[in-house]
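Peer 1: Okay, here's the structure, questions in a sec.
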Amino acid sequence: MFLVDGEEEIIIIDARSYPARMPSESTIEKVTRGSRDSFVETLVFNTALIRRRLRDPQLRFEIVKIGTRSQGDIAVAYIKDITDPKLVDIVKERLNNINIDGIPMAEKAIEEFIVGGSKWNPLPKVRYTERPDVAAVHLLEGHVCLVIDTSPNIMILPTTFWHHVQHVEEFHQHVVVGSYLRMVRLLGVFLSLLLPPLWLALVLQRHLLPESLAFLGPRDPGIIPLGFQFILAELGVELVRMATVHVPSAQSTALGFIGAFMIGEFATKVGLFGNEIIFYTAVAAVGAFATPSIEFAMAIRFFRAILLLLVIFFKLPGLLVGLVGILIVMATTKSFGIPYLWPLLPFNLGGMKDVLLRLPLPSKILRPAALKPQDKDRLDNEDEENKNGK
């Protein structure tokens with residue numbers, strides 16, 4: 001207890017020591033340049049990593065206890081004079097409404113309680129990060145971050161589609177290079193979703209192919225029908241991914257080599273799969289994991305499987321109906337009241353430039369309008385007043 005002479009209140013200081021590991025480099029959001037520290041499982045360490053980058057007195061960490069038995073600590077982080085107060089109130093209200101005995105699964109359990117909307121929508125409505133600099137950038141924009149004790153993943157909300165296709169590496173490169181990397185990542189995501197089902201739809205209806213694309217299609221289709229080859233290949237990639245995660249790290253490289261090369265190579269040689277099937281499946285797998293958001297990558301893989309099934313049974317009309325359905329799902333999804341496709345729907349020109357290109361930091365003076373920030377620009381108030389006076 002900290003007592004001050006003449007004051008009627010006592011400050012209670014948490015002086016306990018916590019079991020913790022030291023911050024190390026993130027295994028998911030790696031960069032060639034930039035800081036190498038990342039969040040750990042101890043809440044007080046994580047708040048200190050954010051405070052180190054944002055020494056603003058307006059930065060707030062409000063502790064909420066969840067679980068009648070576990071009494072887990074969750075820190076609601078926001079900048080008081082930037083973040084929309086209504087957003088902060090909504091987040092705290094949903095946290096306080098959680099009635100459960102414990103949250104041993106930490107961030108994922110909290111997400112399922114507070115995101116709202118359909119529980120069967122695979123699109124991630126929050127973003128996770130292991131990097132303090134990423135969390136600090138989003139706090140400056142007007143987001144709310146949830147720092148959950150026992151978890152090294154910080155939850156950022158609200159989020160849109162575009163948050164899941166951006167990476168901190170872009171901001172450690174030249175503006176042109178960063179924009180190029182972002183466009184390549186977007187292309188990889190769209191190829192991952194569209195390439196296998198589109199190729200399959202065109203091959204199954206070859207009369208729709210123009211002469212310039214007549215080369216498409218397998219010379220030796222293999223024993224198994226083409227559509228089910230894709231389904232089996234998708235299951236094979238998923239099994240390899242899960243196996244490499246579950247086995248010890250010393251064996252993961254060898255297991256990945258066996259699964260990706262030897263099984264795929266021999267499957268084509270014995271005639272079970274066509275070479276093009278393996279190629280398009282590999283491109284789709286790589287494109288999905290070009291995004292740093294694992295949750296979004298898994299959603300893309302789920303949508304791709306649905307499109308493949310629709311193409312198998314309904315061919316090209318099935319593909320078109322599936323794409324329209326996915327677009328409708330994205331257009332109607334909201335994250336804490338923010339449209340998932342903003343600034344595309346509803347359209348905002350300034351926001352579209354910011355999400356499609358890696359703009360120079362001196363030109364990014366406005367905060368995202370969808371977040372309804374109290375302080376709409378990132379200029380110092382005194383400098384802004386001087387400019388207006390002149």
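Every chain in the structure tokens has a letter given in the order shown (A, B, ...), and although residue numbers restart at 1 in each chain, ligands are simply numbered from 1 in the order shown.
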Can you list, as number ranges by chain, every protein, DNA or RNA residue that comes within 7 Å of region 118-128 of chain A when you count only C-alpha atoms, leaving out same-chain residues fewer than 3 positions away?

Peer 2: A: 115, 153-159, 295-296, 299, 335

Peer 1: Once you count only C-alpha atoms, what closest atom pair and distance in Å to one decimal does each residue of region 265-303 of chain A within 6 Å of region 192-204 of chain A have, with rows by chain and rising residue number, as a Markdown table?

Peer 2:
```
| residue | atom | partner | partner_atom | distance |
| --- | --- | --- | --- | --- |
| A:Tyr280 | CA | A:Pro196 | CA | 5.9 |
| A:Ala284 | CA | A:Ser192 | CA | 3.8 |
| A:Gly287 | CA | A:Ser192 | CA | 5.0 |
| A:Ala288 | CA | A:Ser192 | CA | 5.4 |
```

Peer 1: In region 289-352 of chain A, what's helix (DSSP H, G or I) per DSSP? Answer as an MDAnalysis selection string?

Peer 2: chainID A and resid 294:332 349:352

Peer 1: Residues within 10 Å of Glu107 (chain A), please, as a PyMOL selection string. Count only C-alpha atoms; anything in the same chain fewer than 2 positions from it doesn't count.

Peer 2: chain A and resi 74+103-105+109-112+128+146-155
